[in-house]
>>> print(open('data16.txt').read())   # compact mmCIF, C-alpha atoms
# COMPACT_ATOMS: atom_id res chain seq x y z
CA MET S 1 13.66 3.67 5.26
CA SER S 2 11.54 2.82 8.23
CA LYS S 3 7.81 3.30 8.40
CA ASP S 4 8.43 6.18 10.82
CA THR S 5 10.45 8.25 8.36
CA GLN S 6 8.73 7.61 5.05
CA LYS S 7 5.36 8.95 4.04
CA PRO S 8 3.01 6.26 2.70
CA THR S 9 3.20 7.35 -0.95
CA GLU S 10 6.64 8.94 -0.97
CA VAL S 11 8.02 6.30 -3.30
CA VAL S 12 5.46 6.74 -6.09
CA GLY S 13 4.82 10.46 -5.76
CA CYS S 14 1.42 12.09 -5.53
CA LYS S 15 -0.53 9.52 -7.54
CA ARG S 16 -3.53 8.20 -5.62
CA VAL S 17 -3.05 4.68 -4.30
CA SER S 18 -6.22 3.46 -5.97
CA PHE S 19 -4.61 4.35 -9.33
CA TRP S 20 -1.29 2.59 -8.66
CA THR S 21 -0.16 -0.02 -11.14
CA VAL S 22 1.50 -3.28 -10.13
CA GLU S 23 4.83 -1.55 -10.80
CA ASP S 24 3.89 1.33 -8.46
CA VAL S 25 2.99 -1.14 -5.70
CA TYR S 26 6.26 -2.97 -6.30
CA GLU S 27 8.24 0.29 -5.95
CA TRP S 28 6.33 1.24 -2.79
CA VAL S 29 7.13 -2.11 -1.19
CA LYS S 30 10.81 -1.84 -2.15
CA GLY S 31 10.99 1.58 -0.49
CA GLN S 32 8.81 0.78 2.50
CA TYR S 33 10.28 -2.62 3.47
CA PRO S 34 13.90 -2.74 2.26
CA CYS S 35 15.05 -5.34 4.79
CA HIS S 36 12.54 -8.15 4.23
CA GLN S 37 10.69 -7.63 1.02
CA ALA S 38 11.42 -10.72 -1.09
CA ALA S 39 8.31 -12.76 -0.28
CA PHE S 40 5.97 -9.77 -0.53
CA LEU S 41 7.52 -8.59 -3.81
CA LEU S 42 7.19 -12.06 -5.27
CA ALA S 43 3.55 -12.17 -4.16
CA ILE S 44 2.88 -8.78 -5.78
CA GLU S 45 4.29 -10.02 -9.08
CA ASN S 46 2.59 -13.42 -8.97
CA HIS S 47 -0.81 -12.01 -8.03
CA ALA S 48 -0.59 -8.73 -10.01
CA VAL S 49 -1.38 -6.59 -6.95
CA SER S 50 -2.49 -3.12 -8.07
CA GLY S 51 -3.14 -0.18 -5.79
CA ARG S 52 -6.82 -1.05 -5.51
CA ALA S 53 -5.95 -4.62 -4.53
CA LEU S 54 -3.30 -3.41 -2.08
CA LEU S 55 -5.89 -1.29 -0.26
CA ARG S 56 -7.97 -4.47 0.30
CA ILE S 57 -5.14 -6.68 1.56
CA SER S 58 -5.78 -8.45 4.85
CA LYS S 59 -3.93 -10.93 7.02
CA ASN S 60 -5.76 -13.80 5.29
CA THR S 61 -4.78 -12.43 1.88
CA LEU S 62 -1.14 -12.23 2.90
CA GLU S 63 -1.27 -15.82 4.16
CA ARG S 64 -2.81 -17.05 0.89
CA MET S 65 -0.12 -15.15 -1.04
CA GLY S 66 2.63 -16.92 0.90
CA VAL S 67 3.88 -13.93 2.88
CA GLY S 68 5.32 -15.02 6.22
CA PRO S 69 3.42 -14.14 9.40
CA GLU S 70 6.40 -12.21 10.77
CA GLN S 71 5.86 -9.65 7.99
CA HIS S 72 2.10 -9.24 8.46
CA PRO S 73 2.04 -6.55 11.19
CA GLU S 74 4.39 -4.17 9.39
CA ILE S 75 2.73 -4.66 6.00
CA LEU S 76 -0.77 -4.26 7.41
CA TYR S 77 0.32 -1.09 9.24
CA GLY S 78 1.61 0.36 5.97
CA VAL S 79 -1.59 -0.61 4.16
CA LEU S 80 -3.66 0.97 6.93
CA LEU S 81 -1.80 4.25 6.42
CA LEU S 82 -2.48 4.03 2.69
CA ARG S 83 -6.19 3.41 3.34
CA LEU S 84 -6.35 6.44 5.61
CA GLN S 85 -4.59 8.57 3.02
CA GLU S 86 -7.01 7.39 0.33
CA GLU S 87 -10.01 8.22 2.54
CA VAL S 88 -8.66 11.71 3.25
CA GLU S 89 -8.21 12.27 -0.49
CA ASN S 90 -11.78 11.07 -1.12
CA LEU S 91 -13.10 13.48 1.51
CA ASN S 92 -11.06 16.32 0.02
CA ASP S 93 -12.61 15.57 -3.37
CA ILE S 94 -16.10 15.78 -1.85
CA VAL S 95 -15.32 19.05 -0.09
CA SER S 96 -13.78 20.49 -3.26
CA ALA S 97 -16.87 19.56 -5.27
CA PHE S 98 -19.04 21.63 -2.95
CA ALA S 99 -16.63 24.53 -2.43
CA ILE S 100 -17.82 27.88 -3.59
>>> encode(input="data16.txt", output="structure tokens")
Amino acid sequence: MSKDTQKPTEVVGCKRVSFWTVEDVYEWVKGQYPCHQAAFLLAIENHAVSGRALLRISKNTLERMGVGPEQHPEILYGVLLLRLQEEVENLNDIVSAFAI
């Protein structure tokens, strides 16, 4: 599926990204980037990338993990969507805590 047709967490369900296991991240990558995932999947396994770590990934992190620069824009776009989703969920939690 392309990034235009798949919701950020569609692959792993409604679990918050910050609670994803390495296996959840692996499944998300397989669903999000089916055409060129080998290097990123290997990096996830080798570096035990959890959901919390995925939310902090940057271009420099991808380079250090051995992910090719041609993959960076698409991966970083997907991670940005996950960060936004996580922030919305955090805000919803705050609003819910104060709801009467």
>>> closest_residue(input="data16.txt", among="S:Val25, S:Leu55, S:Val67, S:Leu91", to="S:Phe40", atoms="only C-alpha atoms")
S:Val67
>>> residues_around(input="data16.txt", residues="S:Tyr26", least_positions_apart="2", cutoff="10 Å", atoms="all atoms listed in the file", output="ChimeraX atom specification")
/S:11-12,20-24,28-32,37,40-45,48-51
>>> atom_distance(input="data16.txt", atom1="atom CA of S:Asn46", atom2="atom CA of S:Tyr33")
18.2 Å
>>> closest_residue(input="data16.txt", among="S:Gly68, S:Ala38, S:His47, S:Leu54", to="S:Glu86", atoms="all atoms listed in the file")
S:Leu54
>>> atom_distance(input="data16.txt", atom1="atom CA of S:Val88", atom2="atom CA of S:Ile57")
18.8 Å
>>> atom_distance(input="data16.txt", atom1="atom CA of S:Ala39", atom2="atom CA of S:Leu62")
10.0 Å
>>> closest_residue(input="data16.txt", among="S:Ile75, S:Val95, S:Leu82, S:Met65", to="S:Ser18", atoms="all atoms listed in the file")
S:Leu82
>>> closest_residue(input="data16.txt", among="S:Leu80, S:Ala53, S:Gln85, S:Arg64", to="S:Arg16", atoms="all atoms listed in the file")
S:Gln85
>>> decode(input="data16.txt", residues="stretch 44-56 of chain S", atoms="all heavy atoms", output="mmCIF file, in the first residue's frame")
data_model
loop_
_atom_site.group_PDB
_atom_site.id
_atom_site.type_symbol
_atom_site.label_atom_id
_atom_site.label_comp_id
_atom_site.auth_asym_id
_atom_site.auth_seq_id
_atom_site.Cartn_x
_atom_site.Cartn_y
_atom_site.Cartn_z
ATOM 1 N N ILE S 44 15.739 -2.322 11.830
ATOM 2 C CA ILE S 44 14.809 -2.439 12.959
ATOM 3 C C ILE S 44 15.176 -3.644 13.820
ATOM 4 O O ILE S 44 15.207 -3.553 15.048
ATOM 5 C CB ILE S 44 13.357 -2.541 12.448
ATOM 6 C CG1 ILE S 44 12.916 -1.187 11.918
ATOM 7 C CG2 ILE S 44 12.414 -3.021 13.547
ATOM 8 C CD1 ILE S 44 11.671 -1.245 11.092
ATOM 9 N N GLU S 45 15.472 -4.757 13.175
ATOM 10 C CA GLU S 45 15.863 -5.958 13.921
ATOM 11 C C GLU S 45 17.199 -5.765 14.634
ATOM 12 O O GLU S 45 17.328 -6.065 15.813
ATOM 13 C CB GLU S 45 15.965 -7.152 12.977
ATOM 14 C CG GLU S 45 14.640 -7.683 12.506
ATOM 15 C CD GLU S 45 14.810 -8.868 11.572
ATOM 16 O OE1 GLU S 45 15.865 -9.003 10.918
ATOM 17 O OE2 GLU S 45 13.869 -9.666 11.503
ATOM 18 N N ASN S 46 18.192 -5.271 13.910
ATOM 19 C CA ASN S 46 19.536 -5.123 14.477
ATOM 20 C C ASN S 46 19.602 -4.120 15.620
ATOM 21 O O ASN S 46 20.407 -4.263 16.527
ATOM 22 C CB ASN S 46 20.538 -4.723 13.396
ATOM 23 C CG ASN S 46 20.809 -5.840 12.419
ATOM 24 O OD1 ASN S 46 20.566 -7.004 12.699
ATOM 25 N ND2 ASN S 46 21.307 -5.489 11.250
ATOM 26 N N HIS S 47 18.754 -3.092 15.555
ATOM 27 C CA HIS S 47 18.803 -2.028 16.564
ATOM 28 C C HIS S 47 17.618 -2.078 17.521
ATOM 29 O O HIS S 47 17.458 -1.177 18.338
ATOM 30 C CB HIS S 47 18.868 -0.667 15.870
ATOM 31 C CG HIS S 47 20.103 -0.495 15.043
ATOM 32 N ND1 HIS S 47 21.307 -0.118 15.584
ATOM 33 C CD2 HIS S 47 20.332 -0.681 13.723
ATOM 34 C CE1 HIS S 47 22.219 -0.058 14.631
ATOM 35 N NE2 HIS S 47 21.653 -0.403 13.488
ATOM 36 N N ALA S 48 16.787 -3.113 17.414
ATOM 37 C CA ALA S 48 15.626 -3.302 18.297
ATOM 38 C C ALA S 48 14.794 -2.018 18.404
ATOM 39 O O ALA S 48 14.584 -1.477 19.486
ATOM 40 C CB ALA S 48 16.069 -3.786 19.672
ATOM 41 N N VAL S 49 14.316 -1.537 17.276
ATOM 42 C CA VAL S 49 13.569 -0.279 17.217
ATOM 43 C C VAL S 49 12.132 -0.513 17.688
ATOM 44 O O VAL S 49 11.337 -1.158 17.018
ATOM 45 C CB VAL S 49 13.581 0.304 15.790
ATOM 46 C CG1 VAL S 49 12.752 1.578 15.720
ATOM 47 C CG2 VAL S 49 15.006 0.575 15.341
ATOM 48 N N SER S 50 11.810 0.040 18.843
ATOM 49 C CA SER S 50 10.450 -0.014 19.382
ATOM 50 C C SER S 50 9.669 1.196 18.865
ATOM 51 O O SER S 50 10.217 2.054 18.161
ATOM 52 C CB SER S 50 10.504 0.037 20.909
ATOM 53 O OG SER S 50 10.997 1.308 21.321
ATOM 54 N N GLY S 51 8.418 1.280 19.242
ATOM 55 C CA GLY S 51 7.607 2.429 18.846
ATOM 56 C C GLY S 51 8.168 3.739 19.364
ATOM 57 O O GLY S 51 8.205 4.741 18.650
ATOM 58 N N ARG S 52 8.604 3.742 20.609
ATOM 59 C CA ARG S 52 9.196 4.968 21.179
ATOM 60 C C ARG S 52 10.429 5.398 20.391
ATOM 61 O O ARG S 52 10.633 6.575 20.115
ATOM 62 C CB ARG S 52 9.546 4.763 22.644
ATOM 63 C CG ARG S 52 8.335 4.628 23.533
ATOM 64 C CD ARG S 52 8.787 4.487 24.977
ATOM 65 N NE ARG S 52 8.960 5.785 25.566
ATOM 66 C CZ ARG S 52 8.058 6.374 26.342
ATOM 67 N NH1 ARG S 52 6.954 5.753 26.615
ATOM 68 N NH2 ARG S 52 8.273 7.571 26.832
ATOM 69 N N ALA S 53 11.272 4.442 20.039
ATOM 70 C CA ALA S 53 12.475 4.750 19.264
ATOM 71 C C ALA S 53 12.105 5.199 17.854
ATOM 72 O O ALA S 53 12.717 6.128 17.311
ATOM 73 C CB ALA S 53 13.398 3.541 19.211
ATOM 74 N N LEU S 54 11.100 4.568 17.265
ATOM 75 C CA LEU S 54 10.658 4.951 15.921
ATOM 76 C C LEU S 54 10.217 6.407 15.887
ATOM 77 O O LEU S 54 10.531 7.140 14.940
ATOM 78 C CB LEU S 54 9.510 4.041 15.471
ATOM 79 C CG LEU S 54 8.934 4.306 14.083
ATOM 80 C CD1 LEU S 54 9.979 4.021 13.005
ATOM 81 C CD2 LEU S 54 7.693 3.456 13.861
ATOM 82 N N LEU S 55 9.509 6.846 16.919
ATOM 83 C CA LEU S 55 9.038 8.239 16.968
ATOM 84 C C LEU S 55 10.190 9.242 17.027
ATOM 85 O O LEU S 55 10.008 10.408 16.684
ATOM 86 C CB LEU S 55 8.109 8.438 18.167
ATOM 87 C CG LEU S 55 6.770 7.729 18.084
ATOM 88 C CD1 LEU S 55 6.027 7.832 19.415
ATOM 89 C CD2 LEU S 55 5.924 8.276 16.945
ATOM 90 N N ARG S 56 11.378 8.796 17.437
ATOM 91 C CA ARG S 56 12.541 9.691 17.539
ATOM 92 C C ARG S 56 13.498 9.575 16.359
ATOM 93 O O ARG S 56 14.531 10.245 16.332
ATOM 94 C CB ARG S 56 13.293 9.407 18.839
ATOM 95 C CG ARG S 56 12.513 9.760 20.092
ATOM 96 C CD ARG S 56 13.359 9.676 21.344
ATOM 97 N NE ARG S 56 14.034 8.398 21.513
ATOM 98 C CZ ARG S 56 13.548 7.361 22.195
ATOM 99 N NH1 ARG S 56 12.385 7.449 22.778
ATOM 100 N NH2 ARG S 56 14.245 6.254 22.307
#
